[in-house]
Amino acid sequence: MPDRSPLIRVTAMPADTNPYGGVFGGWLMSQMALGAGSLASRVGEGVAVVVSATDFAFPGKMAVGDELSVYGEIIATGNTSMTVTLEAIARERNSEVTVKVAQGTFKFVLLDDEGRPRPLRIAAEAAQPVPENDG
Ligand SMILES: CCCCCCCCCCCCCCCC(=O)SCCNC(=O)CCNC(=O)[C@H](O)C(C)(C)COP(=O)(O)OP(=O)(O)OC[C@H]1O[C@@H](n2cnc3c(N)ncnc32)[C@H](O)[C@@H]1OP(=O)(O)O
């Protein structure tokens, strides 16, 4: 796995499973949304709401007890929006074995105090992931 800091890291619990006993894809999407939302509001310095979710895939599976790390970066910015692409990597609970379990892209729009789209305050070249998030 590349040397990078996760946006969030969390352990899958029994409540996060699907009817077949595996980890629920919706839970994975939620974790990715939490990571992406954290990055978007932090870099965007304000309220950031999701306007689209695209390109999701689930190339691997994980089990209860495994640890999920969500990595992401801003890949594009518009006038009022930023696009965040994400990877979710699971680590087996009792080992260093990792597998990519999900990927996807969220587009966020920054809102002003009245809830209307407002221009980003950042330059496109400054829209980099916040470093050193891994303690
Ligand atoms: C089974 C369980 C599963 C669980 C799995 C859950 C996973 C997924 C959870 C997500 C969770 C998020 C985590 C925290 C944050 C929230 O919870 S946010 C809550 C959900 N989102 C919302 O409530 C947003 C609702 N939408 C809106 O209020 C309006 O659409 C918005 C976002 C204000 C935009 O309004 P608008 O009139 O379209 O504004 P407009 O000025 O025309 O466009 C603004 C920008 O949006 C872009 N845009 C507009 N429409 C679109 C579109 N359709 N596509 C792409 N871009 C668009 C425009 O291109 C423009 O970009 P810029 O060129 O300015 O950069």
# chains A, B, ... in the order shown; residues from 1 in each chain; ligands from 1
$ residues_near_ligand --ligand "ligand 1" --cutoff "8 Å" --atoms "only C-alpha atoms and all ligand atoms" --output "ChimeraX atom specification"
/A:25-34,36-38,48-53,77-82,107-111,115-119
$ write_last_selection --atoms "C-alpha atoms" --output "PDB file, in the first residue's frame"
ATOM      1  CA  GLY A  25     -21.658  -2.094   0.636  1.00  0.00           C
ATOM      2  CA  GLY A  26     -23.816   0.774   1.891  1.00  0.00           C
ATOM      3  CA  TRP A  27     -21.678   0.943   5.028  1.00  0.00           C
ATOM      4  CA  LEU A  28     -18.577   1.160   2.846  1.00  0.00           C
ATOM      5  CA  MET A  29     -20.156   3.993   0.844  1.00  0.00           C
ATOM      6  CA  SER A  30     -21.073   5.793   4.045  1.00  0.00           C
ATOM      7  CA  GLN A  31     -17.523   5.568   5.348  1.00  0.00           C
ATOM      8  CA  MET A  32     -16.210   6.895   2.045  1.00  0.00           C
ATOM      9  CA  ALA A  33     -18.754   9.732   2.163  1.00  0.00           C
ATOM     10  CA  LEU A  34     -17.661  10.602   5.704  1.00  0.00           C
ATOM     11  CA  ALA A  36     -14.770  12.735   1.497  1.00  0.00           C
ATOM     12  CA  GLY A  37     -17.077  15.119   3.369  1.00  0.00           C
ATOM     13  CA  SER A  38     -14.409  15.712   5.979  1.00  0.00           C
ATOM     14  CA  ALA A  48     -20.021  21.008   1.673  1.00  0.00           C
ATOM     15  CA  VAL A  49     -22.930  18.912   0.395  1.00  0.00           C
ATOM     16  CA  VAL A  50     -22.855  15.979  -1.989  1.00  0.00           C
ATOM     17  CA  VAL A  51     -24.326  16.702  -5.425  1.00  0.00           C
ATOM     18  CA  SER A  52     -23.265  13.467  -7.123  1.00  0.00           C
ATOM     19  CA  ALA A  53     -21.756  10.049  -6.429  1.00  0.00           C
ATOM     20  CA  THR A  77     -12.452  21.840  -8.762  1.00  0.00           C
ATOM     21  CA  GLY A  78     -15.068  24.026 -10.405  1.00  0.00           C
ATOM     22  CA  ASN A  79     -16.500  27.392  -9.504  1.00  0.00           C
ATOM     23  CA  THR A  80     -18.483  26.100  -6.509  1.00  0.00           C
ATOM     24  CA  SER A  81     -17.642  22.397  -6.514  1.00  0.00           C
ATOM     25  CA  MET A  82     -14.849  19.988  -5.798  1.00  0.00           C
ATOM     26  CA  LYS A 107     -18.716  15.772  -6.032  1.00  0.00           C
ATOM     27  CA  PHE A 108     -19.330  18.372  -3.326  1.00  0.00           C
ATOM     28  CA  VAL A 109     -20.769  21.866  -3.624  1.00  0.00           C
ATOM     29  CA  LEU A 110     -19.784  24.551  -1.128  1.00  0.00           C
ATOM     30  CA  LEU A 111     -22.699  26.499   0.335  1.00  0.00           C
ATOM     31  CA  GLY A 115     -27.568  27.510   1.615  1.00  0.00           C
ATOM     32  CA  ARG A 116     -26.689  28.725  -1.880  1.00  0.00           C
ATOM     33  CA  PRO A 117     -23.678  27.527  -3.881  1.00  0.00           C
ATOM     34  CA  ARG A 118     -20.736  29.822  -3.309  1.00  0.00           C
ATOM     35  CA  PRO A 119     -17.364  30.070  -5.054  1.00  0.00           C
TER      36      PRO A 119
END
$ residues_around --residues "Arg91 in chain A" --least-positions-apart "3" --cutoff "8 Å" --atoms "only C-alpha atoms" --output "MDAnalysis selection string"
chainID A and resid 66:68 95:99
$ write_last_selection --atoms "N, CA and C atoms" --output "PDB file, in the first residue's frame"
ATOM      1  N   ASP A  66     -12.294  -6.509  10.599  1.00  0.00           N
ATOM      2  CA  ASP A  66     -11.247  -5.930   9.760  1.00  0.00           C
ATOM      3  C   ASP A  66     -11.291  -4.400   9.865  1.00  0.00           C
ATOM      4  N   GLU A  67     -10.167  -3.786   9.579  1.00  0.00           N
ATOM      5  CA  GLU A  67     -10.033  -2.334   9.733  1.00  0.00           C
ATOM      6  C   GLU A  67     -10.044  -1.661   8.374  1.00  0.00           C
ATOM      7  N   LEU A  68     -10.937  -0.712   8.221  1.00  0.00           N
ATOM      8  CA  LEU A  68     -11.082  -0.004   6.945  1.00  0.00           C
ATOM      9  C   LEU A  68     -10.375   1.344   7.001  1.00  0.00           C
ATOM     10  N   SER A  95      -3.645  -9.405  10.901  1.00  0.00           N
ATOM     11  CA  SER A  95      -2.446  -9.446  10.071  1.00  0.00           C
ATOM     12  C   SER A  95      -2.242  -8.102   9.380  1.00  0.00           C
ATOM     13  N   GLU A  96      -1.213  -8.049   8.567  1.00  0.00           N
ATOM     14  CA  GLU A  96      -0.945  -6.843   7.770  1.00  0.00           C
ATOM     15  C   GLU A  96      -1.474  -7.001   6.350  1.00  0.00           C
ATOM     16  N   VAL A  97      -2.236  -8.051   6.097  1.00  0.00           N
ATOM     17  CA  VAL A  97      -2.775  -8.277   4.752  1.00  0.00           C
ATOM     18  C   VAL A  97      -3.859  -7.246   4.455  1.00  0.00           C
ATOM     19  N   THR A  98      -3.727  -6.585   3.312  1.00  0.00           N
ATOM     20  CA  THR A  98      -4.713  -5.568   2.938  1.00  0.00           C
ATOM     21  C   THR A  98      -5.331  -5.900   1.584  1.00  0.00           C
ATOM     22  N   VAL A  99      -6.545  -5.386   1.379  1.00  0.00           N
ATOM     23  CA  VAL A  99      -7.225  -5.563   0.100  1.00  0.00           C
ATOM     24  C   VAL A  99      -8.065  -4.325  -0.177  1.00  0.00           C
TER      25      VAL A  99
END
$ residues_around --residues "Lys61 in chain A" --least-positions-apart "2" --cutoff "9 Å" --atoms "only C-alpha atoms" --output "ChimeraX atom specification"
/A:22-23,58-59,63,90,99-102
$ residues_around --residues "Ile75 in chain A" --least-positions-apart "4" --cutoff "7 Å" --atoms "only C-alpha atoms" --output "VMD selection string"
chain A and resid 83 to 85
$ write_last_selection --atoms "N, CA, C and O atoms" --output "PDB file, in the first residue's frame"
ATOM      1  N   THR A  83     -14.354  17.782  -6.611  1.00  0.00           N
ATOM      2  CA  THR A  83     -14.580  16.360  -6.841  1.00  0.00           C
ATOM      3  C   THR A  83     -13.504  15.571  -6.106  1.00  0.00           C
ATOM      4  O   THR A  83     -12.316  15.847  -6.252  1.00  0.00           O
ATOM      5  N   VAL A  84     -13.971  14.621  -5.309  1.00  0.00           N
ATOM      6  CA  VAL A  84     -13.072  13.836  -4.464  1.00  0.00           C
ATOM      7  C   VAL A  84     -13.149  12.380  -4.897  1.00  0.00           C
ATOM      8  O   VAL A  84     -14.236  11.798  -4.960  1.00  0.00           O
ATOM      9  N   THR A  85     -12.009  11.800  -5.193  1.00  0.00           N
ATOM     10  CA  THR A  85     -11.965  10.378  -5.514  1.00  0.00           C
ATOM     11  C   THR A  85     -11.400   9.619  -4.321  1.00  0.00           C
ATOM     12  O   THR A  85     -10.524  10.117  -3.600  1.00  0.00           O
TER      13      THR A  85
END
$ atom_distance --atom1 "CA of Gly46 in chain A" --atom2 "CA of Asp113 in chain A"
9.1 Å
